[in-house]
$ cat query_11.cif   # mmCIF, C-alpha atoms
data_data
#
loop_
_atom_site.label_atom_id
_atom_site.label_comp_id
_atom_site.auth_asym_id
_atom_site.auth_seq_id
_atom_site.Cartn_x
_atom_site.Cartn_y
_atom_site.Cartn_z
CA MET A 1 8.45 -48.24 28.50
CA GLU A 2 5.17 -49.05 30.26
CA PRO A 3 2.52 -46.51 29.20
CA GLN A 4 -0.28 -48.01 31.31
CA LYS A 5 1.83 -47.90 34.46
CA ARG A 6 3.36 -44.48 33.93
CA LYS A 7 0.29 -42.84 32.39
CA LEU A 8 2.52 -40.54 30.39
CA PHE A 9 1.19 -38.19 27.73
CA LEU A 10 2.55 -35.87 25.07
CA PRO A 11 1.45 -32.34 26.00
CA ALA A 12 0.07 -29.88 23.51
CA GLU A 13 2.35 -26.95 22.77
CA TRP A 14 -0.01 -24.62 24.66
CA HIS A 15 0.63 -26.55 27.89
CA LYS A 16 2.37 -24.41 30.55
CA GLN A 17 6.10 -24.33 29.77
CA GLN A 18 9.26 -24.33 31.86
CA MET A 19 11.49 -23.02 29.06
CA VAL A 20 12.23 -22.80 25.34
CA GLN A 21 15.48 -23.91 23.69
CA LEU A 22 17.40 -22.05 21.01
CA THR A 23 20.52 -23.54 19.40
CA TRP A 24 22.54 -20.48 18.42
CA PRO A 25 23.98 -19.83 14.91
CA HIS A 26 27.75 -19.49 14.56
CA GLU A 27 30.57 -19.28 12.01
CA LYS A 28 30.70 -23.04 11.41
CA THR A 29 27.02 -23.28 10.47
CA ASP A 30 25.43 -22.61 7.09
CA TRP A 31 24.56 -19.16 8.45
CA ASN A 32 28.17 -17.98 8.28
CA TYR A 33 27.63 -15.86 5.14
CA MET A 34 24.76 -13.95 6.80
CA LEU A 35 25.51 -14.30 10.50
CA PRO A 36 24.66 -10.74 11.64
CA GLU A 37 21.30 -10.92 9.83
CA VAL A 38 20.25 -14.23 11.32
CA GLU A 39 21.58 -13.33 14.78
CA SER A 40 19.28 -10.32 14.74
CA CYS A 41 16.33 -12.66 14.23
CA PHE A 42 17.51 -14.99 17.00
CA ILE A 43 17.91 -12.00 19.34
CA ASN A 44 14.32 -10.95 18.67
CA ILE A 45 13.09 -14.47 19.44
CA ALA A 46 15.24 -14.58 22.59
CA LYS A 47 13.84 -11.24 23.77
CA ALA A 48 10.24 -12.32 23.22
CA VAL A 49 10.72 -15.64 25.03
CA ALA A 50 12.88 -14.42 27.95
CA ALA A 51 10.42 -11.60 28.65
CA ARG A 52 7.81 -14.25 29.49
CA GLN A 53 9.63 -17.40 30.62
CA ASN A 54 12.98 -19.16 30.86
CA LEU A 55 15.18 -19.54 27.80
CA LEU A 56 17.87 -22.17 27.21
CA VAL A 57 20.54 -21.28 24.66
CA VAL A 58 22.93 -23.96 23.37
CA ALA A 59 26.09 -22.67 21.67
CA PRO A 60 29.77 -23.57 21.17
CA ASP A 61 30.88 -20.20 22.62
CA VAL A 62 28.52 -19.17 25.41
CA GLU A 63 30.47 -16.09 26.47
CA LYS A 64 30.14 -14.64 23.00
CA VAL A 65 26.41 -15.33 23.02
CA ARG A 66 26.07 -13.97 26.56
CA ASN A 67 27.61 -10.67 25.45
CA THR A 68 25.37 -10.56 22.39
CA LEU A 69 22.20 -11.13 24.39
CA ASP A 70 23.18 -8.81 27.24
CA THR A 71 24.05 -6.01 24.84
CA ALA A 72 20.69 -6.48 23.10
CA GLY A 73 18.83 -6.07 26.38
CA VAL A 74 17.63 -9.65 26.79
CA PRO A 75 16.70 -10.26 30.47
CA MET A 76 19.63 -12.53 31.36
CA GLU A 77 18.11 -13.62 34.68
CA ASN A 78 15.78 -15.80 32.58
CA VAL A 79 18.52 -17.23 30.35
CA THR A 80 20.53 -20.44 30.80
CA LEU A 81 23.54 -20.87 28.53
CA PHE A 82 25.00 -24.29 27.76
CA GLU A 83 28.29 -24.71 25.92
CA CYS A 84 28.24 -27.49 23.36
CA ASP A 85 29.51 -28.11 19.83
CA THR A 86 26.74 -27.98 17.23
CA ASN A 87 26.27 -28.51 13.50
CA ASP A 88 23.36 -26.14 12.99
CA THR A 89 20.44 -24.37 14.67
CA TRP A 90 17.24 -26.38 14.17
CA ALA A 91 16.34 -27.10 17.79
CA ARG A 92 12.81 -28.22 16.87
CA ASP A 93 14.27 -31.30 15.22
CA HIS A 94 17.22 -32.26 17.43
CA ALA A 95 15.92 -31.30 20.88
CA PHE A 96 14.14 -33.52 23.38
CA ILE A 97 10.42 -34.25 23.00
CA THR A 98 9.01 -34.01 26.51
CA LEU A 99 6.42 -36.34 28.00
CA LEU A 100 4.57 -35.63 31.24
CA GLY A 101 2.37 -37.57 33.61
CA ASP A 102 4.20 -39.02 36.59
CA ASN A 103 5.38 -35.88 38.43
CA VAL A 104 8.68 -35.54 36.57
CA PRO A 105 9.30 -34.82 32.89
CA HIS A 106 10.35 -37.72 30.67
CA TYR A 107 12.72 -36.57 27.96
CA ALA A 108 12.37 -38.64 24.79
CA ASP A 109 15.60 -38.55 22.79
CA PHE A 110 14.98 -39.61 19.19
CA CYS A 111 17.57 -40.01 16.46
CA PHE A 112 18.14 -36.88 14.38
CA ASN A 113 19.99 -37.71 11.16
CA GLY A 114 19.81 -34.44 9.24
CA TRP A 115 16.37 -35.01 7.69
CA GLY A 116 17.21 -38.31 6.09
CA ARG A 117 21.00 -37.88 5.87
CA LYS A 118 20.80 -34.68 3.83
CA PHE A 119 23.15 -32.83 6.19
CA GLU A 120 25.76 -33.70 8.82
CA ALA A 121 24.01 -33.89 12.18
CA SER A 122 26.13 -35.97 14.56
CA LEU A 123 26.94 -33.04 16.86
CA ASP A 124 23.31 -31.92 17.01
CA ASN A 125 22.16 -35.48 17.68
CA ALA A 126 24.46 -35.55 20.74
CA ILE A 127 23.16 -32.32 22.34
CA ASN A 128 20.35 -33.97 24.30
CA GLY A 129 22.58 -36.44 26.04
CA LYS A 130 24.99 -33.69 27.04
CA LEU A 131 22.16 -31.51 28.38
CA TYR A 132 20.86 -34.40 30.45
CA ASP A 133 24.27 -35.45 31.77
CA ALA A 134 24.98 -31.85 32.80
CA GLY A 135 21.70 -31.64 34.71
CA ILE A 136 20.35 -28.81 32.60
CA VAL A 137 17.17 -30.82 32.18
CA LYS A 138 15.97 -32.76 35.21
CA GLY A 139 13.73 -35.79 34.97
CA GLU A 140 13.77 -39.21 33.31
CA TYR A 141 15.74 -39.92 30.15
CA GLU A 142 13.94 -41.98 27.50
CA ASP A 143 16.26 -43.50 24.89
CA CYS A 144 14.26 -43.45 21.64
CA ASN A 145 17.21 -43.43 19.25
CA SER A 146 15.93 -46.57 17.54
CA LEU A 147 13.49 -44.24 15.69
CA VAL A 148 14.41 -41.31 13.46
CA LEU A 149 11.97 -38.55 14.38
CA GLU A 150 12.06 -34.76 14.26
CA GLY A 151 9.96 -32.57 16.50
CA GLY A 152 8.72 -30.56 13.54
CA SER A 153 7.12 -33.64 12.06
CA ILE A 154 4.53 -34.13 14.81
CA GLU A 155 1.73 -32.17 16.49
CA SER A 156 -0.05 -33.19 19.70
CA ASP A 157 -3.40 -32.04 21.10
CA GLY A 158 -2.41 -33.21 24.58
CA LYS A 159 -5.37 -35.60 24.60
CA GLY A 160 -3.85 -38.58 22.81
CA THR A 161 -4.05 -37.49 19.19
CA LEU A 162 -0.96 -37.00 17.01
CA LEU A 163 -0.98 -35.20 13.65
CA THR A 164 1.81 -35.94 11.18
CA THR A 165 2.58 -36.37 7.46
CA SER A 166 3.32 -39.46 5.43
CA MET A 167 5.63 -37.41 3.17
CA CYS A 168 8.11 -36.96 5.99
CA LEU A 169 7.84 -40.08 8.11
CA LEU A 170 7.98 -42.39 5.08
CA ALA A 171 10.74 -40.42 3.34
CA PRO A 172 14.02 -42.17 2.39
CA HIS A 173 16.87 -42.71 4.87
CA ARG A 174 14.76 -42.36 7.98
CA ASN A 175 13.18 -45.59 9.19
CA GLN A 176 13.26 -48.09 6.35
CA PRO A 177 12.24 -50.88 6.11
CA MET A 178 9.51 -49.90 8.62
CA THR A 179 6.06 -49.62 7.07
CA LYS A 180 3.52 -46.89 7.81
CA ASP A 181 1.80 -49.24 10.25
CA ASP A 182 5.12 -50.03 11.96
CA ILE A 183 5.88 -46.33 12.37
CA GLU A 184 2.41 -45.59 13.68
CA GLU A 185 2.73 -48.29 16.32
CA ALA A 186 6.17 -46.96 17.33
CA LEU A 187 4.76 -43.44 17.67
CA LYS A 188 1.91 -44.67 19.84
CA ARG A 189 4.26 -46.66 22.05
CA MET A 190 7.06 -44.11 22.41
CA LEU A 191 4.94 -40.95 22.58
CA HIS A 192 2.06 -42.46 24.55
CA VAL A 193 -0.64 -41.39 22.12
CA ASN A 194 -3.83 -43.23 21.22
CA ARG A 195 -4.17 -42.40 17.55
CA VAL A 196 -2.26 -40.88 14.64
CA LEU A 197 -3.79 -38.67 11.94
CA TRP A 198 -1.87 -38.64 8.66
CA LEU A 199 -1.72 -35.91 6.03
CA ASP A 200 -0.52 -36.93 2.58
CA TYR A 201 -0.36 -33.52 0.87
CA GLY A 202 1.07 -30.06 1.40
CA ASN A 203 4.84 -30.42 1.01
CA LEU A 204 6.13 -26.89 0.39
CA ILE A 205 8.52 -26.01 -2.41
CA GLY A 206 12.02 -25.58 -0.98
CA ASP A 207 11.32 -27.58 2.18
CA ASP A 208 14.31 -29.76 3.13
CA THR A 209 12.30 -31.71 5.71
CA ASP A 210 10.16 -33.70 3.24
CA GLY A 211 7.00 -32.10 4.56
CA HIS A 212 7.08 -31.34 8.28
CA VAL A 213 3.58 -30.86 9.60
CA ASP A 214 4.61 -27.68 11.45
CA THR A 215 5.00 -25.90 8.11
CA ILE A 216 1.46 -26.60 6.93
CA ALA A 217 -1.01 -27.61 9.67
CA ARG A 218 -1.04 -27.10 13.44
CA LEU A 219 -3.26 -28.32 16.24
CA ALA A 220 -4.84 -25.67 18.46
CA PRO A 221 -7.19 -25.69 21.47
CA ASN A 222 -10.85 -26.70 21.20
CA ASP A 223 -10.32 -29.29 18.45
CA THR A 224 -9.00 -26.73 16.00
CA ILE A 225 -6.57 -27.13 13.10
CA VAL A 226 -4.82 -23.99 11.87
CA TYR A 227 -3.50 -24.61 8.39
CA MET A 228 -1.89 -22.98 5.38
CA GLN A 229 -4.38 -22.20 2.64
CA CYS A 230 -3.72 -21.29 -0.99
CA THR A 231 -6.42 -19.56 -3.05
CA ASP A 232 -4.25 -18.55 -6.01
CA GLU A 233 -4.73 -21.12 -8.77
CA SER A 234 -1.57 -19.90 -10.50
CA ASP A 235 0.56 -20.72 -7.44
CA ALA A 236 2.70 -23.83 -7.93
CA GLN A 237 1.65 -25.02 -4.47
CA TYR A 238 -2.08 -24.59 -5.11
CA SER A 239 -3.03 -28.19 -5.91
CA GLU A 240 -1.04 -29.64 -3.00
CA LEU A 241 -2.52 -27.26 -0.45
CA VAL A 242 -6.07 -27.68 -1.75
CA ALA A 243 -5.68 -31.46 -1.48
CA MET A 244 -4.40 -31.03 2.06
CA GLU A 245 -7.32 -28.76 2.95
CA LYS A 246 -9.79 -31.38 1.73
CA GLN A 247 -8.01 -34.05 3.73
CA ILE A 248 -8.14 -31.93 6.90
CA ALA A 249 -11.86 -31.40 6.35
CA ALA A 250 -12.29 -35.19 6.34
CA LEU A 251 -10.44 -35.71 9.63
CA ARG A 252 -12.39 -36.39 12.79
CA THR A 253 -11.71 -35.74 16.44
CA ALA A 254 -11.49 -38.58 18.95
CA ASN A 255 -15.22 -38.01 19.54
CA GLY A 256 -16.05 -38.29 15.85
CA ALA A 257 -16.68 -34.59 15.24
CA HIS A 258 -15.26 -32.36 12.51
CA TYR A 259 -12.30 -30.21 13.43
CA ARG A 260 -12.76 -26.46 13.45
CA MET A 261 -10.60 -25.24 10.57
CA LEU A 262 -8.86 -21.86 10.57
CA ALA A 263 -7.06 -20.93 7.36
CA LEU A 264 -3.81 -18.98 7.38
CA PRO A 265 -2.92 -17.07 4.21
CA SER A 266 -0.04 -18.12 2.02
CA PRO A 267 2.75 -15.53 1.97
CA THR A 268 3.45 -13.99 -1.41
CA PRO A 269 6.18 -16.26 -2.86
CA ILE A 270 9.73 -15.41 -1.76
CA PHE A 271 12.77 -16.47 -3.77
CA ASP A 272 16.49 -16.68 -3.04
CA GLU A 273 19.33 -15.14 -5.06
CA GLU A 274 19.30 -18.10 -7.47
CA GLY A 275 15.58 -17.75 -8.09
CA GLU A 276 14.65 -20.81 -6.02
CA ARG A 277 11.42 -20.55 -4.05
CA LEU A 278 11.75 -20.52 -0.25
CA PRO A 279 9.24 -22.32 2.03
CA ALA A 280 7.70 -19.25 3.69
CA THR A 281 4.71 -20.13 5.87
CA TYR A 282 2.72 -18.61 8.72
CA ALA A 283 2.01 -22.06 10.16
CA ASN A 284 5.50 -22.17 11.68
CA PHE A 285 4.48 -20.26 14.82
CA LEU A 286 5.62 -20.93 18.40
CA ILE A 287 3.23 -21.03 21.36
CA ILE A 288 4.78 -19.90 24.66
CA ASN A 289 3.40 -18.83 28.02
CA GLY A 290 0.90 -16.07 27.31
CA ALA A 291 1.92 -15.44 23.71
CA VAL A 292 2.12 -16.85 20.21
CA LEU A 293 5.23 -15.84 18.30
CA TYR A 294 4.63 -16.01 14.58
CA PRO A 295 6.83 -15.42 11.54
CA THR A 296 6.36 -12.30 9.43
CA TYR A 297 7.78 -11.62 5.98
CA ALA A 298 7.46 -7.83 5.44
CA GLN A 299 4.10 -8.42 3.76
CA PRO A 300 1.80 -6.20 5.85
CA GLU A 301 -1.51 -7.45 4.46
CA ASN A 302 -0.63 -11.15 4.77
CA ASP A 303 1.22 -10.65 8.06
CA ASN A 304 -1.82 -8.93 9.58
CA ARG A 305 -4.25 -11.52 8.24
CA ALA A 306 -2.15 -14.28 9.78
CA ALA A 307 -2.12 -12.47 13.13
CA ALA A 308 -5.92 -12.20 13.06
CA VAL A 309 -6.32 -15.92 12.41
CA LEU A 310 -3.93 -16.80 15.22
CA LYS A 311 -5.80 -14.47 17.58
CA GLU A 312 -8.97 -16.38 16.75
CA ALA A 313 -7.22 -19.67 17.53
CA PHE A 314 -5.53 -18.37 20.70
CA PRO A 315 -7.78 -15.58 22.03
CA GLU A 316 -6.08 -15.48 25.43
CA HIS A 317 -2.57 -15.15 23.98
CA GLU A 318 -0.72 -12.08 22.81
CA ILE A 319 0.16 -12.43 19.12
CA VAL A 320 3.74 -11.29 18.50
CA GLY A 321 5.27 -11.04 15.03
CA ILE A 322 8.96 -11.83 14.45
CA ASP A 323 10.54 -10.93 11.10
CA CYS A 324 11.76 -14.31 9.80
CA ARG A 325 12.97 -13.38 6.33
CA ALA A 326 16.46 -14.34 7.48
CA LEU A 327 15.40 -17.81 8.65
CA ILE A 328 13.71 -18.84 5.43
CA LYS A 329 16.97 -18.26 3.53
CA GLN A 330 18.03 -21.59 5.07
CA HIS A 331 14.58 -23.09 4.40
CA GLY A 332 13.15 -22.89 7.92
CA SER A 333 11.25 -20.46 10.12
CA LEU A 334 10.43 -19.58 13.72
CA HIS A 335 9.05 -22.88 15.03
CA CYS A 336 11.92 -24.77 13.40
CA VAL A 337 14.59 -23.02 15.51
CA THR A 338 12.81 -23.41 18.85
CA MET A 339 11.71 -26.22 21.15
CA GLN A 340 9.46 -25.85 24.16
CA TYR A 341 9.86 -27.81 27.37
CA PRO A 342 6.48 -28.23 29.08
CA LYS A 343 6.28 -27.76 32.83
CA SER A 344 5.56 -30.77 35.04
CA GLU A 345 4.10 -30.77 38.54
CA ARG A 346 7.56 -31.08 40.08
CA PHE A 347 9.81 -29.04 37.79
#
$ encode --input "query_11.cif" --output "structure tokens"
Amino acid sequence: MEPQKRKLFLPAEWHKQQMVQLTWPHEKTDWNYMLPEVESCFINIAKAVAARQNLLVVAPDVEKVRNTLDTAGVPMENVTLFECDTNDTWARDHAFITLLGDNVPHYADFCFNGWGRKFEASLDNAINGKLYDAGIVKGEYEDCNSLVLEGGSIESDGKGTLLTTSMCLLAPHRNQPMTKDDIEEALKRMLHVNRVLWLDYGNLIGDDTDGHVDTIARLAPNDTIVYMQCTDESDAQYSELVAMEKQIAALRTANGAHYRMLALPSPTPIFDEEGERLPATYANFLIINGAVLYPTYAQPENDNRAAAVLKEAFPEHEIVGIDCRALIKQHGSLHCVTMQYPKSERF
């Protein structure tokens, strides 16, 4: 790739979008034991997205999904269905990362290996190539499979700054023996960014991703970082999140200024049937055209506080809550199951 010649850039999530991808749950995924419950959540996400922009749904049985969405009242004129075998549903981490800048989108296809070989992911890692070959996405294909990288592990401000975590990118079975410096240079080269900001704290209990940044800290317009805060000293995550908050306070913008910091509340801890804590977070929100979809957890006070913070960060967006108690049972949330495709000048 030739960044100087192409002048590509990694858009911020609030850039105008052409569509959002969902990879639909089915009987052969880990959702099988609770499929109706999680499908209800996916339907709510699909409704919210398709009411505002195009939606791409990847699934092994598209006719079944078509009937489900149509019956639920999803505006099907805004939905594209693509039939493809899949392992799971975490589109944020297996979908393309889109670059813009030379009139057509450039679709960067990184290696997804199940968060460091924790889970089988070969089918999910093949989705991008099939989408491209079928012409579902139109533009330039960028083969980045030499680097293991998940979309949930990075945040872009659209101006050349990338935010990520050392916990994830340096975790086992991803890119060894690459050093932190090696990975940073690869990110700059492949994603066409100028600098990388690293967080070293904040890994949530129950998080299978080794600390994706989209669970703890998110970039927002006007040099803002929206982050998960913990004020309860008895919470097992307190020390990690306080250390992260201090580290964010020490970060600087490209112009050397402090970031504006907006603190999201921590949800009251949620546990599974075995008593294991689940990684519930309000930071796992999705920005779409005209709206921010954010996860709620049937905690009215915390849910409403989170909505108020997001409205401060995105005053021109509608703030829409989606009940994501189903999603966190598999240790993810709303942002994790979605991937936006920014709109280029041509497409």
$ residues_around --input "query_11.cif" --residues "Leu187 in chain A" --least-positions-apart "5" --cutoff "12 Å" --atoms "only C-alpha atoms" --output "list in words"
Phe9, Leu10, Ala108, Phe110, Cys144, Ser146, Leu147, Val148, Leu149, Glu150, Ser153, Ile154, Glu155, Ser156, Gly160, Thr161, Leu162, Leu163, Thr164, Leu169, Lys180, Asp181, Asp182, His192, Val193, Asn194, Arg195, Val196 and Leu197 of chain A
$ closest_residue --input "query_11.cif" --among "A:Ala171, A:Leu191, A:Ala186, A:Ala217" --to "Ile97 in chain A" --atoms "all atoms listed in the file"
A:Leu191
$ residues_around --input "query_11.cif" --residues "Gln53 in chain A" --least-positions-apart "3" --cutoff "10 Å" --atoms "all atoms listed in the file" --output "list of chain:residue names"
A:Gln17, A:Gln18, A:Met19, A:Val20, A:Ala48, A:Val49, A:Ala50, A:Asn78, A:Val79, A:Ile288, A:Asn289, A:Gly290
$ residues_around --input "query_11.cif" --residues "Ile225 in chain A" --least-positions-apart "6" --cutoff "7 Å" --atoms "all atoms listed in the file" --output "list in words"
Ala217, Arg218, Leu219, Tyr259, Arg260, Met261 and Leu262 of chain A
$ atom_distance --input "query_11.cif" --atom1 "CA of Pro105 in chain A" --atom2 "CA of Asn44 in chain A"
28.2 Å
$ closest_residue --input "query_11.cif" --among "A:Pro300, A:Ala291, A:Asp102, A:Lys47" --to "Thr268 in chain A" --atoms "only C-alpha atoms"
A:Pro300
$ resolve_selection --input "query_11.cif" --expression "the PyMOL selection byres ((chain A and resi 89) around 9)" --output "number ranges by chain"
A: 22-26, 29, 86-88, 90-92, 94, 124, 336-338
$ residues_around --input "query_11.cif" --residues "Ala12 in chain A" --least-positions-apart "3" --cutoff "7 Å" --atoms "all atoms listed in the file" --output "list in words"
His15, Ser156, Asp157 and Gly158 of chain A
$ closest_residue --input "query_11.cif" --among "A:Lys311, A:Gln340, A:Ile136, A:Ala249" --to "Gln21 in chain A" --atoms "all atoms listed in the file"
A:Gln340
$ resolve_selection --input "query_11.cif" --expression "the PyMOL selection byres ((chain A and resi 207-214) around 9)" --output "ChimeraX atom specification"
/A:114-116,118,150-155,163-169,171,199,201-206,215-218,278-279,283-285,331-332,335-336
$ atom_distance --input "query_11.cif" --atom1 "CA of Ile319 in chain A" --atom2 "CA of Leu293 in chain A"
6.2 Å
$ resolve_selection --input "query_11.cif" --expression "the PyMOL selection byres ((chain A and resi 62) around 12)" --output "list of chain:residue names"
A:Thr23, A:Trp24, A:Pro25, A:His26, A:Leu56, A:Val57, A:Val58, A:Ala59, A:Pro60, A:Asp61, A:Glu63, A:Lys64, A:Val65, A:Arg66, A:Asn67, A:Thr68, A:Leu69, A:Asp70, A:Val79, A:Thr80, A:Leu81, A:Phe82, A:Glu83, A:Cys84, A:Asp85
$ closest_residue --input "query_11.cif" --among "A:Tyr341, A:Tyr282, A:Tyr141, A:Phe314" --to "Ile328 in chain A" --atoms "only C-alpha atoms"
A:Tyr282
$ axis_aligned_box --input "query_11.cif" --around "range 266-270 of chain A" --padding-each-side "6 Å" --output "JSON"
{"center_x": 4.8, "center_y": -16.1, "center_z": -0.4, "size_x": 21.8, "size_y": 16.1, "size_z": 16.9}
